[in-house]
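Chemist: Have a look at this one before I ask anything.
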Amino acid sequence: MRITIEEIDSASMRLIGYTPQPSFVVRFRSAAFSGVARLVPALDNAEDCAGIEISVEITQGSVTQFSVIDHPEMNSVEALDEPGSFKVVGTVESQSGEPGAQGYAFIMAGEACFCLSEEEMGGIWPDPGSAVAFIARDVTLWDEAL
């Protein structure tokens, strides 16, 4: 997904990930949604990120309120009051793995792609094409240039 970084808080640096990388709180916008999240940039100087457009992958710290919805709504991602939290309504694009063996579902909401584990989906294994809704918390945007 392509985002434009509107504002970055260079004082909010925190190391995250399996190979710890510096991340920063940013205000961003994209064609799919906008809001506040953590960014793991490829640039060394965080201040250089303000105003630039980059491609990112999305991860989340946790998922709550996951459900398969009967009547698909328009796919959307909406920022919630809690920074880094978003309400997602999307469609299961594809799956990886088998039920009961830590499978993953790739959920599209516009141009935003969320990868959820079977555990994050509460053990539910929705078919491709299913409409789903959930809250993604502690969203992090990873610069694809890394």
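We name chains A, B, ... following the order of the structure tokens; residues begin at 1 in each chain, and ligands are numbered from 1 as shown.
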As an mmCIF file with N, CA and C atoms, in the first residue's frame, please: all residues of chain A that backbone DSSP puts in helix (DSSP H, G or I).
Modeler:
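To be explicit, this is the file written out as result38.cif:
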data_model
loop_
_atom_site.group_PDB
_atom_site.id
_atom_site.type_symbol
_atom_site.label_atom_id
_atom_site.label_comp_id
_atom_site.auth_asym_id
_atom_site.auth_seq_id
_atom_site.Cartn_x
_atom_site.Cartn_y
_atom_site.Cartn_z
ATOM 1 N N ALA A 46 14.780 9.869 10.773
ATOM 2 C CA ALA A 46 13.315 9.879 10.833
ATOM 3 C C ALA A 46 12.724 11.181 10.289
ATOM 4 N N GLU A 47 13.349 12.306 10.559
ATOM 5 C CA GLU A 47 12.814 13.586 10.097
ATOM 6 C C GLU A 47 12.709 13.650 8.580
ATOM 7 N N ASP A 48 13.551 12.878 7.871
ATOM 8 C CA ASP A 48 13.522 12.883 6.406
ATOM 9 C C ASP A 48 12.276 12.209 5.844
ATOM 10 N N CYS A 49 11.505 11.534 6.690
ATOM 11 C CA CYS A 49 10.308 10.821 6.237
ATOM 12 C C CYS A 49 9.101 11.735 6.039
#
Chemist: Fewer than 4 positions away in the same chain doesn't count, so skip those; otherwise give me all residues within 8 Å of Val89 of chain A, counting only C-alpha atoms, as a list of chain:residue names.
Modeler: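 Everything that qualifies: A:Glu73, A:Met74, A:Asn75, A:Ser76, A:Val77, A:Ala109, A:Ala131, A:Val132, A:Ala133, A:Phe134.
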Chemist: If you run DSSP on the backbone here, which positions in chain A get strand (DSSP E or B)? Please write them as a ChimeraX atom specification.
Modeler: /A:2-16,21-30,34-40,53-59,62-68,76-79,86-96,104-109,112-117,131-137,140-143
Chemist: Near Gly123 of chain A, within 12 Å and counting only C-alpha atoms, which residues show up once chain neighbours fewer than 2 positions away are dropped, as a compact mmCIF listing (two decimals) with N, CA and C atoms, in the first residue's frame?
Modeler:
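Below you can see result_1.txt, which holds the result:
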# COMPACT_ATOMS: atom_id res chain seq x y z
N PHE A 66 -13.21 -10.08 15.82
CA PHE A 66 -13.21 -10.67 14.47
C PHE A 66 -14.54 -11.37 14.23
N SER A 67 -15.13 -11.14 13.07
CA SER A 67 -16.37 -11.83 12.71
C SER A 67 -16.51 -11.91 11.20
N VAL A 68 -17.20 -12.96 10.77
CA VAL A 68 -17.60 -13.09 9.38
C VAL A 68 -18.96 -12.42 9.29
N GLU A 98 -3.37 -24.73 6.44
CA GLU A 98 -4.59 -25.52 6.64
C GLU A 98 -5.17 -25.20 8.01
N PRO A 99 -6.49 -25.33 8.15
CA PRO A 99 -7.09 -25.10 9.47
C PRO A 99 -6.45 -25.99 10.53
N GLY A 100 -6.20 -25.44 11.70
CA GLY A 100 -5.60 -26.20 12.79
C GLY A 100 -4.08 -26.28 12.70
N ALA A 101 -3.47 -25.75 11.64
CA ALA A 101 -2.02 -25.79 11.48
C ALA A 101 -1.46 -24.39 11.27
N GLN A 102 -1.91 -23.46 12.11
CA GLN A 102 -1.52 -22.05 12.04
C GLN A 102 -1.61 -21.52 10.61
N GLY A 103 -2.82 -21.46 10.12
CA GLY A 103 -3.07 -20.88 8.81
C GLY A 103 -3.15 -19.37 8.90
N TYR A 104 -3.09 -18.75 7.75
CA TYR A 104 -3.17 -17.30 7.64
C TYR A 104 -4.17 -16.92 6.56
N ALA A 105 -4.87 -15.82 6.76
CA ALA A 105 -5.79 -15.29 5.76
C ALA A 105 -5.31 -13.89 5.39
N LEU A 116 -3.87 -12.07 8.77
CA LEU A 116 -4.30 -12.50 10.10
C LEU A 116 -4.06 -14.00 10.26
N SER A 117 -3.57 -14.37 11.42
CA SER A 117 -3.40 -15.79 11.74
C SER A 117 -4.75 -16.37 12.14
N GLU A 118 -4.84 -17.68 12.07
CA GLU A 118 -6.07 -18.35 12.51
C GLU A 118 -6.35 -18.02 13.98
N GLU A 119 -5.29 -17.91 14.76
CA GLU A 119 -5.44 -17.54 16.18
C GLU A 119 -6.05 -16.15 16.31
N GLU A 120 -5.57 -15.18 15.51
CA GLU A 120 -6.12 -13.83 15.56
C GLU A 120 -7.59 -13.80 15.13
N MET A 121 -7.99 -14.77 14.30
CA MET A 121 -9.38 -14.86 13.84
C MET A 121 -10.22 -15.69 14.79
N TRP A 125 -12.10 -20.00 10.27
CA TRP A 125 -11.38 -20.17 9.01
C TRP A 125 -12.32 -19.80 7.86
N PRO A 126 -12.49 -18.49 7.58
CA PRO A 126 -13.44 -18.06 6.55
C PRO A 126 -12.94 -18.41 5.15
Chemist: Excluding segment 3-16 of chain A and its own-chain neighbours fewer than 2 positions away, which residues fall within 12 Å of it when counting only C-alpha atoms? Please give them as a PDB file with C-alpha atoms, in the first residue's frame.
Modeler:
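Writing done, so here's out-v1.pdb:
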ATOM      1  CA  MET A   1       0.000   0.000   0.000  1.00  0.00           C
ATOM      2  CA  TYR A  18      12.281 -10.023  15.416  1.00  0.00           C
ATOM      3  CA  THR A  19      15.416  -8.198  14.315  1.00  0.00           C
ATOM      4  CA  PRO A  20      14.733  -4.987  16.239  1.00  0.00           C
ATOM      5  CA  GLN A  21      14.218  -2.007  13.952  1.00  0.00           C
ATOM      6  CA  PRO A  22      13.555   1.611  14.950  1.00  0.00           C
ATOM      7  CA  SER A  23       9.892   2.610  14.630  1.00  0.00           C
ATOM      8  CA  PHE A  24       8.195   5.985  15.041  1.00  0.00           C
ATOM      9  CA  VAL A  25       4.662   7.272  15.527  1.00  0.00           C
ATOM     10  CA  VAL A  26       3.407   8.868  12.309  1.00  0.00           C
ATOM     11  CA  ARG A  27       0.289  10.515  10.968  1.00  0.00           C
ATOM     12  CA  PHE A  28      -0.258   9.209   7.424  1.00  0.00           C
ATOM     13  CA  ARG A  29      -2.756   9.107   4.595  1.00  0.00           C
ATOM     14  CA  SER A  30      -3.366   6.754   1.706  1.00  0.00           C
ATOM     15  CA  ALA A  31      -6.088   6.001  -0.826  1.00  0.00           C
ATOM     16  CA  ALA A  32      -7.374   3.267   1.548  1.00  0.00           C
ATOM     17  CA  PHE A  33      -7.329   5.088   4.893  1.00  0.00           C
ATOM     18  CA  SER A  34      -5.520   7.571   7.108  1.00  0.00           C
ATOM     19  CA  GLY A  35      -4.671   7.895  10.760  1.00  0.00           C
ATOM     20  CA  VAL A  36      -1.902   7.353  13.290  1.00  0.00           C
ATOM     21  CA  ALA A  37       0.301   4.244  13.379  1.00  0.00           C
ATOM     22  CA  ARG A  38       3.901   3.182  13.932  1.00  0.00           C
ATOM     23  CA  LEU A  39       6.252   3.322  10.952  1.00  0.00           C
ATOM     24  CA  VAL A  40       9.413   1.316  10.455  1.00  0.00           C
ATOM     25  CA  PRO A  41      11.192   3.464   7.849  1.00  0.00           C
ATOM     26  CA  ASP A  44      18.165   6.456   8.682  1.00  0.00           C
ATOM     27  CA  ASN A  45      16.963   9.921   9.697  1.00  0.00           C
ATOM     28  CA  ALA A  46      13.315   9.879  10.833  1.00  0.00           C
ATOM     29  CA  GLU A  47      12.814  13.586  10.097  1.00  0.00           C
ATOM     30  CA  ASP A  48      13.522  12.883   6.406  1.00  0.00           C
ATOM     31  CA  CYS A  49      10.308  10.821   6.237  1.00  0.00           C
ATOM     32  CA  ALA A  50       7.893  13.744   6.652  1.00  0.00           C
ATOM     33  CA  GLY A  51       6.123  14.494   3.385  1.00  0.00           C
ATOM     34  CA  ILE A  52       7.398  11.486   1.454  1.00  0.00           C
ATOM     35  CA  GLU A  53       5.350   8.761  -0.216  1.00  0.00           C
ATOM     36  CA  ILE A  54       6.400   5.138   0.348  1.00  0.00           C
ATOM     37  CA  SER A  55       5.064   1.615  -0.096  1.00  0.00           C
ATOM     38  CA  VAL A  56       4.385  -0.265   3.136  1.00  0.00           C
ATOM     39  CA  GLU A  57       3.218  -3.605   4.446  1.00  0.00           C
ATOM     40  CA  ILE A  58       0.777  -3.631   7.361  1.00  0.00           C
ATOM     41  CA  THR A  59       1.079  -5.616  10.594  1.00  0.00           C
ATOM     42  CA  GLN A  60      -0.944  -5.442  13.777  1.00  0.00           C
ATOM     43  CA  GLY A  61      -0.138  -6.186  17.396  1.00  0.00           C
ATOM     44  CA  GLU A 111      -5.674  -1.423  -1.346  1.00  0.00           C
ATOM     45  CA  ALA A 112      -4.839  -2.277   2.285  1.00  0.00           C
ATOM     46  CA  ASP A 138      -1.116  -1.446  17.421  1.00  0.00           C
ATOM     47  CA  VAL A 139      -0.882  -1.167  13.622  1.00  0.00           C
ATOM     48  CA  THR A 140       2.635  -0.875  12.233  1.00  0.00           C
ATOM     49  CA  LEU A 141       3.553   0.148   8.694  1.00  0.00           C
ATOM     50  CA  TRP A 142       6.788  -1.448   7.435  1.00  0.00           C
ATOM     51  CA  ASP A 143       8.622   0.380   4.640  1.00  0.00           C
ATOM     52  CA  GLU A 144       8.930  -2.124   1.767  1.00  0.00           C
TER      53      GLU A 144
END
Chemist: Go through A:Ala145, A:Ile107, A:Cys113, A:Ala79 one by one, measure the shortest atom-to-atom distance of each to Gly129 of chain A using only C-alpha atoms, and give the residue with the smallest value.
Modeler: A:Ile107
Chemist: As a PyMOL selection string, please: the residues near Glu78 of chain A (cut-off 7 Å, only C-alpha atoms, same-chain neighbours under 3 positions excluded).
Modeler: chain A and resi 33+86-88
Chemist: Report the distance between atom CA of Gly84 of chain A and atom CA of Ser96 of chain A in Å, rounded to one decimal place.
Modeler: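 Interatomic distance here is 26.1 Å.
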Chemist: When distances are computed from only C-alpha atoms, which of A:Asp81, A:Ser130, A:Gly97, A:Val92 shows the smallest separation from Ile69 of chain A?
Modeler: A:Ser130
